[in-house]
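K.L.:
To start, I am sharing the structure in question, which I have written as structure tokens.
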Amino acid sequence: MTETIRTIVTQDAEVDDQNSLRHLLLYANDIEIQGIIQTSSKFHWKGVAGVETPIFENPQDPFATKGKYNTTYRWPGTDWMFKVIDDYANVYTNLKKQDDRFPTPEYLRSVTKIGNIGYSGEMDSSTEGSNLIKERILDDDPRTLYIQVWGGTNTIARALLDIENEYSAAEDWQERKSNIEKKVVLTACGEQDVTYHEYIAENWPNIKFVCCLQVMSYAYGWALMPEGESKRTLGAKFMQQYILNGNGPLTDGYNTWADNVEYEGEPMEHQFGINKQLIKDWWGARYGLGVHEPYDFLSEGDSPTYLILLPNGLRTLDNLQIGNITGRYVLDKTKKNSKGEPLNYWVTEKDDYVDDKGEVHNVESMWRYVAPIQKDFAARAKWCVSENFEAKYHSPLINIKGEDKITASSGETVQLPLNVETAGDLDVDIDCNVYTDISDCLVNKLMINKANGKYQLSFEIPAEAKSGDEIYIILEAKTKVELSLSGFARLIVKIK
């Protein structure tokens with residue numbers, strides 16, 4: 001059985017972080033949440049009296065902060081985290097009917113902490129949040145610790161600094177440090193303060209930093225993406241029909257465009273719920289990011305940091321280059337610290353996407369998976385109000401019997417049995433395609449055969465395939481129900 005991923009969330013409480021937390025809790029059965037920690041960022045902070053450091057607006061950066069650190073800046077408070085968990089508690093009984101692995105609300109409250117929130121990049125002292133991170137980094141659990149970064153990295157940096165201060169004089173420091181760099185992986189929505197650049201990269205360069213920025217696919221800029229099913233599932237019609245209405249308090253609190261919800265601490269230029277003028281004249285429209293309708297998807301820019309961890313058949317944490325539902329990643333070899341040391345810093349790549357008209361666009365590699373993500377979100381929203389187990393709201397599982405990586409010869413015909421599991425024995429359709437963006441060649445006669453209730457994948461290796469070529473085939477099983485939920489598998493074929 002696949003090992004359960006463990007993770008800590010750090011967030012700066014922006015409205016899209018609040019959406020991401022509500023969404024994430026619907027997957028608290030699939031990953032082990034070991035912490036939910038509020039931090040600060042260049043977008044949000046509480047303020048510290050007497051700290052007069054000015055924030056200079058950068059005309060090249062529309063998100064640059066303004067003001068001084070001794071006052072609050074777009075500060076939403078910290079109570080909201082516990083209100084979200086209260087909403088989770090109200091649907092917890094029904095969630096347990098779908099999967100008994102959902103954690104108790106009491107457990108989630110116990111690991112919800114306040115970290116370093118004073119100002120952008122503040123890591124002045126240890127906090128409950130940094131101490132929790134420190135404890136998890138130093139524990140005896142052999143599993144990788146994935147720390148999600150929805151705001152600044154400052155609370156994580158403080159935890160690492162405390163470890164460095166406590167252990168750096170010990171004889172085994174270099175071994176301990178190396179083990180920590182292997183154990184900790186940061187999945188981050190970019191760099192939202194200076195502490196990764198100024199402290200973590202300088203002192204812990206081998207910690208893997210996965211920059212999960214897909215801001216056009218699942219954040220404020222999605223309106224400009226190509227037309228297709230992904231865009232339709234972000235529109236107001238889908239959002240209202242399947243997610244926003246009638247699914248209980250956890251999704252009732254989910255924020256969308258012009259939904260009459262006021263956000264604590266935000267100025268009017270960021271009040272997307274009550275300031276109806278922003279539909280046509282928001283800051284993004286001024287930068288060409290499109291306009292919206294009431295109840296359109298707003299943003300979950302941070303959600304790729306946990307979606308990459310989910311067990312959906314394409315979880316490829318050991319090899320980010322072959323892609324998953326948050327896209328495809330490559331090591332950025334240009335990233336170095338001030339000492340010239342290379343950083344373990346990963347960034348997203350683009351893939352081709354075919355729109356409704358059959359035209360091909362080279363876009364963020366997550367875009368093709370937004371529709372399956374949204375449909376699964378909608379299904380899990382239904383879990384919140386389902387009094388009994390509902391098979392139609394569960395995704396199928398598909399895998400290739402035997403190995404998911406094989407060798408084959410040019411000209412060879414390959415036939416592989418598939419195993420498909422659905423709750424309630426639902427019927428499925430299965431699509432299969434070569435992942436052309438990273439494959440060295442195509443295959444011939446790629447098809448799914450079904451006989452006597454059993455599925456088989458078959459294809460022919462082209463005669464011109466060269467030794468060492470690799471072919472990546474993506475399988476997608478879709479349930480034949482209204483939401484048509486997806487499960488994925490991948491086959492890697494290496495030519496002898």
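Numbering starts fresh at 1 for the residues of each chain in the structure tokens, the chains themselves are lettered A, B, ... in the order given, and ligands are numbered from 1 as they appear.
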Can you pull out the residues contacting region 281-297 of chain A? Cut-off 7 Å, using only C-alpha atoms, and skip same-chain residues under 2 positions away; I want them as a list in words.

P.N.:
Gly221, Ala223, Leu224, Leu234, Gly235, Ala236, Met239, Gln240, Thr256, Trp257, Ala258, Asp259, Gln277, Leu278, Ile279 and Ser299 of chain A

K.L.:
Residues of region 123-348 of chain A classed as strand (DSSP E or B) by DSSP on the backbone are to be reported as a ChimeraX atom specification.

P.N.:
/A:145-149,184-188,208-211,256,297,324,327-331,336,342,345-348

K.L.:
Mind writing the picked residues with N, CA and C atoms as a PDB file, in the first residue's frame?

P.N.:
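After the write, again-v1.pdb holds the following:
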```
ATOM      1  N   LEU A 145       8.841  15.088   4.892  1.00  0.00           N
ATOM      2  CA  LEU A 145       7.948  16.107   5.452  1.00  0.00           C
ATOM      3  C   LEU A 145       7.736  17.177   4.387  1.00  0.00           C
ATOM      4  N   TYR A 146       6.542  17.205   3.818  1.00  0.00           N
ATOM      5  CA  TYR A 146       6.192  18.207   2.816  1.00  0.00           C
ATOM      6  C   TYR A 146       5.572  19.412   3.522  1.00  0.00           C
ATOM      7  N   ILE A 147       6.241  20.544   3.426  1.00  0.00           N
ATOM      8  CA  ILE A 147       5.739  21.768   4.039  1.00  0.00           C
ATOM      9  C   ILE A 147       5.229  22.676   2.931  1.00  0.00           C
ATOM     10  N   GLN A 148       3.947  22.962   2.970  1.00  0.00           N
ATOM     11  CA  GLN A 148       3.328  23.804   1.951  1.00  0.00           C
ATOM     12  C   GLN A 148       3.515  25.272   2.310  1.00  0.00           C
ATOM     13  N   VAL A 149       3.789  26.070   1.294  1.00  0.00           N
ATOM     14  CA  VAL A 149       4.056  27.498   1.492  1.00  0.00           C
ATOM     15  C   VAL A 149       3.012  28.290   0.711  1.00  0.00           C
ATOM     16  N   VAL A 184      13.062  17.350   4.265  1.00  0.00           N
ATOM     17  CA  VAL A 184      12.122  18.457   4.094  1.00  0.00           C
ATOM     18  C   VAL A 184      11.993  18.826   2.617  1.00  0.00           C
ATOM     19  N   VAL A 185      10.758  18.924   2.148  1.00  0.00           N
ATOM     20  CA  VAL A 185      10.464  19.423   0.805  1.00  0.00           C
ATOM     21  C   VAL A 185       9.458  20.555   0.938  1.00  0.00           C
ATOM     22  N   LEU A 186       9.752  21.680   0.327  1.00  0.00           N
ATOM     23  CA  LEU A 186       8.834  22.813   0.331  1.00  0.00           C
ATOM     24  C   LEU A 186       8.071  22.839  -0.988  1.00  0.00           C
ATOM     25  N   THR A 187       6.751  22.746  -0.924  1.00  0.00           N
ATOM     26  CA  THR A 187       5.916  22.957  -2.110  1.00  0.00           C
ATOM     27  C   THR A 187       5.312  24.347  -1.945  1.00  0.00           C
ATOM     28  N   ALA A 188       5.680  25.249  -2.822  1.00  0.00           N
ATOM     29  CA  ALA A 188       5.462  26.670  -2.551  1.00  0.00           C
ATOM     30  C   ALA A 188       4.743  27.390  -3.672  1.00  0.00           C
ATOM     31  N   LYS A 208      14.700  20.798  -1.091  1.00  0.00           N
ATOM     32  CA  LYS A 208      13.974  20.899  -2.367  1.00  0.00           C
ATOM     33  C   LYS A 208      12.865  21.949  -2.241  1.00  0.00           C
ATOM     34  N   PHE A 209      12.888  22.911  -3.146  1.00  0.00           N
ATOM     35  CA  PHE A 209      11.890  23.973  -3.217  1.00  0.00           C
ATOM     36  C   PHE A 209      11.148  23.799  -4.536  1.00  0.00           C
ATOM     37  N   VAL A 210       9.894  23.388  -4.463  1.00  0.00           N
ATOM     38  CA  VAL A 210       9.089  23.148  -5.660  1.00  0.00           C
ATOM     39  C   VAL A 210       8.152  24.334  -5.835  1.00  0.00           C
ATOM     40  N   CYS A 211       8.445  25.171  -6.809  1.00  0.00           N
ATOM     41  CA  CYS A 211       7.653  26.375  -7.061  1.00  0.00           C
ATOM     42  C   CYS A 211       6.432  25.988  -7.892  1.00  0.00           C
ATOM     43  N   THR A 256     -16.232  33.507  -3.927  1.00  0.00           N
ATOM     44  CA  THR A 256     -16.226  33.661  -5.383  1.00  0.00           C
ATOM     45  C   THR A 256     -16.435  35.134  -5.729  1.00  0.00           C
ATOM     46  N   PHE A 297     -15.397  31.304 -10.247  1.00  0.00           N
ATOM     47  CA  PHE A 297     -14.239  30.928  -9.434  1.00  0.00           C
ATOM     48  C   PHE A 297     -13.349  32.144  -9.257  1.00  0.00           C
ATOM     49  N   ASN A 324       2.186  15.612 -13.276  1.00  0.00           N
ATOM     50  CA  ASN A 324       1.079  15.163 -12.430  1.00  0.00           C
ATOM     51  C   ASN A 324      -0.051  16.157 -12.594  1.00  0.00           C
ATOM     52  N   GLY A 327       0.847  19.727 -13.044  1.00  0.00           N
ATOM     53  CA  GLY A 327       1.750  20.073 -14.123  1.00  0.00           C
ATOM     54  C   GLY A 327       3.088  19.379 -14.037  1.00  0.00           C
ATOM     55  N   ARG A 328       4.008  19.870 -14.844  1.00  0.00           N
ATOM     56  CA  ARG A 328       5.320  19.258 -15.030  1.00  0.00           C
ATOM     57  C   ARG A 328       6.391  20.236 -14.574  1.00  0.00           C
ATOM     58  N   TYR A 329       7.449  19.713 -13.945  1.00  0.00           N
ATOM     59  CA  TYR A 329       8.471  20.544 -13.324  1.00  0.00           C
ATOM     60  C   TYR A 329       9.866  20.182 -13.830  1.00  0.00           C
ATOM     61  N   VAL A 330      10.749  21.172 -13.806  1.00  0.00           N
ATOM     62  CA  VAL A 330      12.152  20.936 -14.138  1.00  0.00           C
ATOM     63  C   VAL A 330      13.023  21.652 -13.115  1.00  0.00           C
ATOM     64  N   LEU A 331      14.215  21.112 -12.900  1.00  0.00           N
ATOM     65  CA  LEU A 331      15.186  21.752 -12.024  1.00  0.00           C
ATOM     66  C   LEU A 331      15.732  23.003 -12.704  1.00  0.00           C
ATOM     67  N   LYS A 336      21.116  29.863  -7.904  1.00  0.00           N
ATOM     68  CA  LYS A 336      22.262  29.679  -7.002  1.00  0.00           C
ATOM     69  C   LYS A 336      22.154  30.684  -5.864  1.00  0.00           C
ATOM     70  N   PRO A 342      24.560  25.648  -6.126  1.00  0.00           N
ATOM     71  CA  PRO A 342      23.293  25.411  -6.834  1.00  0.00           C
ATOM     72  C   PRO A 342      22.181  25.088  -5.843  1.00  0.00           C
ATOM     73  N   TYR A 345      15.942  23.795  -6.730  1.00  0.00           N
ATOM     74  CA  TYR A 345      14.808  24.689  -6.984  1.00  0.00           C
ATOM     75  C   TYR A 345      14.115  24.264  -8.278  1.00  0.00           C
ATOM     76  N   TRP A 346      12.849  23.892  -8.169  1.00  0.00           N
ATOM     77  CA  TRP A 346      12.096  23.337  -9.294  1.00  0.00           C
ATOM     78  C   TRP A 346      11.011  24.300  -9.736  1.00  0.00           C
ATOM     79  N   VAL A 347      10.822  24.414 -11.044  1.00  0.00           N
ATOM     80  CA  VAL A 347       9.832  25.329 -11.613  1.00  0.00           C
ATOM     81  C   VAL A 347       8.964  24.587 -12.629  1.00  0.00           C
ATOM     82  N   THR A 348       7.813  25.161 -12.921  1.00  0.00           N
ATOM     83  CA  THR A 348       6.862  24.513 -13.827  1.00  0.00           C
ATOM     84  C   THR A 348       7.244  24.726 -15.288  1.00  0.00           C
TER      85      THR A 348
END
```

K.L.:
With a distance cut-off of 12 Å and only C-alpha atoms, select the neighbouring residues of region 195-206 of chain A, excluding the residue or stretch itself and same-chain residues fewer than 6 positions from it, and output the selection as a ChimeraX atom specification.

P.N.:
/A:40-42,116,119-124,149,151-161,163-165,168,174,176-186,188,335-346

K.L.:
Keeping N, CA and C atoms, export the residues of the selection given above as a short mmCIF file (atom, residue, chain, number, x, y, z; two decimals), in the first residue's frame.

P.N.:
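So part_38.cif came out as:
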```
data_model
loop_
_atom_site.label_atom_id
_atom_site.label_comp_id
_atom_site.auth_asym_id
_atom_site.auth_seq_id
_atom_site.Cartn_x
_atom_site.Cartn_y
_atom_site.Cartn_z
N SER A 40 3.07 35.32 7.84
CA SER A 40 2.89 36.58 7.13
C SER A 40 3.46 36.44 5.72
N SER A 41 3.37 37.51 4.95
CA SER A 41 3.93 37.54 3.60
C SER A 41 4.08 39.00 3.21
N LYS A 42 4.50 39.24 2.00
CA LYS A 42 4.56 40.63 1.53
C LYS A 42 3.16 41.18 1.24
N ASN A 116 4.96 33.18 12.67
CA ASN A 116 5.56 34.51 12.64
C ASN A 116 4.73 35.40 11.72
N TYR A 119 5.50 40.93 10.32
CA TYR A 119 5.63 41.71 9.10
C TYR A 119 6.24 40.80 8.04
N SER A 120 6.38 41.30 6.83
CA SER A 120 6.92 40.49 5.74
C SER A 120 8.35 40.08 6.05
N GLY A 121 8.59 38.76 6.10
CA GLY A 121 9.91 38.25 6.38
C GLY A 121 10.26 38.20 7.86
N GLU A 122 9.30 38.46 8.72
CA GLU A 122 9.59 38.49 10.17
C GLU A 122 9.90 37.10 10.69
N MET A 123 11.08 36.96 11.30
CA MET A 123 11.49 35.72 11.97
C MET A 123 12.26 36.07 13.24
N ASP A 124 11.71 37.08 13.95
CA ASP A 124 12.41 37.66 15.10
C ASP A 124 12.56 36.69 16.26
N VAL A 149 3.79 26.07 1.29
CA VAL A 149 4.06 27.50 1.49
C VAL A 149 3.01 28.29 0.71
N GLY A 151 2.14 31.40 1.87
CA GLY A 151 2.51 32.78 2.16
C GLY A 151 4.01 32.90 2.13
N GLY A 152 4.58 33.55 3.14
CA GLY A 152 6.03 33.64 3.24
C GLY A 152 6.62 32.38 3.84
N THR A 153 7.92 32.22 3.65
CA THR A 153 8.63 31.08 4.25
C THR A 153 9.20 31.44 5.62
N ASN A 154 8.83 32.58 6.18
CA ASN A 154 9.51 33.08 7.37
C ASN A 154 9.35 32.18 8.60
N THR A 155 8.19 31.57 8.80
CA THR A 155 8.01 30.70 9.96
C THR A 155 8.81 29.41 9.79
N ILE A 156 8.90 28.92 8.57
CA ILE A 156 9.75 27.77 8.28
C ILE A 156 11.21 28.15 8.52
N ALA A 157 11.60 29.33 8.04
CA ALA A 157 12.97 29.78 8.23
C ALA A 157 13.32 29.90 9.71
N ARG A 158 12.36 30.37 10.51
CA ARG A 158 12.62 30.49 11.94
C ARG A 158 12.84 29.10 12.57
N ALA A 159 12.05 28.12 12.16
CA ALA A 159 12.23 26.76 12.68
C ALA A 159 13.62 26.23 12.32
N LEU A 160 14.05 26.45 11.09
CA LEU A 160 15.37 25.99 10.66
C LEU A 160 16.48 26.75 11.39
N LEU A 161 16.28 28.03 11.61
CA LEU A 161 17.27 28.82 12.35
C LEU A 161 17.41 28.31 13.78
N ILE A 163 16.87 25.28 14.80
CA ILE A 163 17.62 24.01 14.72
C ILE A 163 19.10 24.28 14.55
N GLU A 164 19.43 25.21 13.66
CA GLU A 164 20.83 25.56 13.43
C GLU A 164 21.48 26.09 14.70
N ASN A 165 20.78 26.98 15.41
CA ASN A 165 21.33 27.55 16.64
C ASN A 165 21.55 26.49 17.71
N SER A 168 24.28 23.38 15.66
CA SER A 168 25.38 23.59 14.72
C SER A 168 26.76 23.42 15.35
N GLN A 174 26.89 18.30 10.46
CA GLN A 174 26.80 18.18 9.01
C GLN A 174 25.94 16.99 8.61
N ARG A 176 23.49 15.71 10.50
CA ARG A 176 22.12 16.08 10.86
C ARG A 176 21.53 17.03 9.82
N LYS A 177 22.33 18.01 9.42
CA LYS A 177 21.87 18.98 8.44
C LYS A 177 21.55 18.31 7.11
N SER A 178 22.41 17.41 6.68
CA SER A 178 22.18 16.69 5.43
C SER A 178 20.89 15.88 5.49
N ASN A 179 20.64 15.23 6.61
CA ASN A 179 19.42 14.45 6.76
C ASN A 179 18.18 15.33 6.71
N ILE A 180 18.27 16.52 7.30
CA ILE A 180 17.13 17.44 7.27
C ILE A 180 16.89 17.92 5.84
N GLU A 181 17.95 18.21 5.11
CA GLU A 181 17.79 18.68 3.73
C GLU A 181 17.16 17.61 2.85
N LYS A 182 17.37 16.35 3.19
CA LYS A 182 16.73 15.26 2.44
C LYS A 182 15.29 15.05 2.89
N LYS A 183 15.01 15.33 4.14
CA LYS A 183 13.70 15.05 4.73
C LYS A 183 12.65 16.09 4.37
N VAL A 184 13.06 17.35 4.26
CA VAL A 184 12.12 18.46 4.09
C VAL A 184 11.99 18.83 2.62
N VAL A 185 10.76 18.92 2.15
CA VAL A 185 10.46 19.42 0.81
C VAL A 185 9.46 20.55 0.94
N LEU A 186 9.75 21.68 0.33
CA LEU A 186 8.83 22.81 0.33
C LEU A 186 8.07 22.84 -0.99
N ALA A 188 5.68 25.25 -2.82
CA ALA A 188 5.46 26.67 -2.55
C ALA A 188 4.74 27.39 -3.67
N LYS A 335 19.47 28.73 -10.68
CA LYS A 335 19.28 29.19 -9.31
C LYS A 335 20.49 28.84 -8.45
N LYS A 336 21.12 29.86 -7.90
CA LYS A 336 22.26 29.68 -7.00
C LYS A 336 22.15 30.68 -5.86
N ASN A 337 22.79 30.36 -4.74
CA ASN A 337 22.83 31.33 -3.66
C ASN A 337 24.04 32.24 -3.82
N SER A 338 24.26 33.11 -2.85
CA SER A 338 25.33 34.10 -3.00
C SER A 338 26.71 33.46 -2.97
N LYS A 339 26.80 32.22 -2.51
CA LYS A 339 28.08 31.51 -2.48
C LYS A 339 28.35 30.77 -3.78
N GLY A 340 27.39 30.85 -4.70
CA GLY A 340 27.54 30.12 -5.95
C GLY A 340 27.08 28.68 -5.87
N GLU A 341 26.48 28.27 -4.75
CA GLU A 341 26.01 26.90 -4.59
C GLU A 341 24.70 26.71 -5.34
N PRO A 342 24.56 25.65 -6.13
CA PRO A 342 23.29 25.41 -6.83
C PRO A 342 22.18 25.09 -5.84
N LEU A 343 20.99 25.57 -6.16
CA LEU A 343 19.82 25.33 -5.31
C LEU A 343 18.98 24.20 -5.88
N ASN A 344 18.32 23.50 -5.00
CA ASN A 344 17.42 22.41 -5.40
C ASN A 344 16.04 23.02 -5.65
N TYR A 345 15.94 23.80 -6.73
CA TYR A 345 14.81 24.69 -6.98
C TYR A 345 14.12 24.26 -8.28
N TRP A 346 12.85 23.89 -8.17
CA TRP A 346 12.10 23.34 -9.29
C TRP A 346 11.01 24.30 -9.74
#
```

K.L.:
For region 86-100 of chain A, list every protein, DNA or RNA residue within 9 Å, evaluated using only C-alpha atoms, and leave out those in the same chain fewer than 3 positions away; present the list as a short mmCIF file (atom, residue, chain, number, x, y, z; two decimals) with C-alpha atoms, in the first residue's frame.

P.N.:
```cif
data_model
loop_
_atom_site.label_atom_id
_atom_site.label_comp_id
_atom_site.auth_asym_id
_atom_site.auth_seq_id
_atom_site.Cartn_x
_atom_site.Cartn_y
_atom_site.Cartn_z
CA ARG A 22 -11.70 24.67 2.81
CA LEU A 25 -9.99 19.70 4.29
CA LEU A 26 -12.08 17.67 1.85
CA ASN A 29 -8.53 11.61 4.50
CA MET A 81 -8.76 29.30 10.68
CA PHE A 82 -10.75 28.02 13.62
CA LYS A 83 -14.03 29.09 12.01
CA PRO A 103 -9.28 13.37 11.18
CA THR A 104 -11.37 14.68 14.04
CA PRO A 105 -12.00 18.41 14.31
CA GLU A 106 -10.33 18.27 17.72
CA GLY A 248 -23.22 22.62 3.96
CA PRO A 249 -21.14 25.19 5.83
CA LEU A 250 -17.68 24.09 4.67
CA THR A 251 -18.38 25.11 1.08
CA ASP A 252 -20.92 27.79 2.02
CA GLY A 253 -17.92 29.79 3.21
CA ARG A 380 -16.35 15.80 -2.30
CA TRP A 383 -19.81 14.13 0.69
CA CYS A 384 -20.53 16.90 3.20
CA VAL A 385 -24.29 16.43 2.92
CA SER A 386 -24.58 12.74 1.98
CA GLU A 387 -26.25 10.74 4.74
CA ASN A 388 -24.96 7.46 3.31
CA PHE A 389 -21.99 6.24 1.28
CA GLU A 390 -22.46 7.51 -2.31
CA ALA A 391 -20.57 5.49 -4.93
CA HIS A 394 -16.00 8.52 -5.65
#
```

K.L.:
Identify, on the basis of only C-alpha atoms, every residue whose closest approach to Glu464 (chain A) does not exceed 9 Å; exclude the query and any residue fewer than 5 positions from it along the same chain; express the result as a ChimeraX atom specification.

P.N.:
/A:410-411,441

K.L.:
As an MDAnalysis selection string, please: the residues near Leu418 (chain A) (cut-off 6 Å, only C-alpha atoms, same-chain neighbours under 4 positions excluded).

P.N.:
chainID A and resid 399:401 455:456

K.L.:
Could you write out the selected residues, including C-alpha atoms, as a tab-separated table (two decimals), in the first residue's frame?

P.N.:
```tsv
chain	number	residue	atom	x	y	z
A	399	ASN	CA	-3.62	0.71	-12.74
A	400	ILE	CA	-1.64	-1.44	-15.10
A	401	LYS	CA	-1.29	-5.00	-13.85
A	455	TYR	CA	-9.69	-4.15	-19.98
A	456	GLN	CA	-6.49	-4.31	-21.96
```

K.L.:
Set the distance at 10 Å and use only C-alpha atoms: which residues neighbour region 69-77 of chain A once local chain neighbours fewer than 4 positions away are removed? I'd like the list as a ChimeraX atom specification.

P.N.:
/A:12-15,38,40-55,65,81,117-120,122,263-267,270

K.L.:
May I ask for the distance between CA of Tyr220 (chain A) and CA of Leu314 (chain A), given in Å to one decimal place?

P.N.:
25.3 Å

K.L.:
From the options A:Asn444, A:Thr144, A:Thr2, A:Gln214, which residue's atoms come nearest to Gly313 (chain A), counting only C-alpha atoms?

P.N.:
A:Thr2

K.L.:
Which of these, A:Leu475, A:Lys480, A:Ile495, A:Gly402, has the shortest distance to Asp427 (chain A) once you count only C-alpha atoms?

P.N.:
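Result for the nearest residue to Asp427 (chain A): A:Lys480.
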
K.L.:
Looking only at the backbone, which of the residues in region 77-317 of chain A does DSSP tag as alpha helix (DSSP H), as number ranges by chain?

P.N.:
A: 79-98, 105-110, 128-138, 154-167, 173-183, 195, 201-203, 229-232, 236-238, 249-252, 278-281, 283-286, 304-307

K.L.:
So, with only C-alpha atoms as the atoms that count, which of A:Val215, A:Ile438, A:Val414, A:Val84 lies closest to Leu24 (chain A)?

P.N.:
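Closest candidate: A:Val84.
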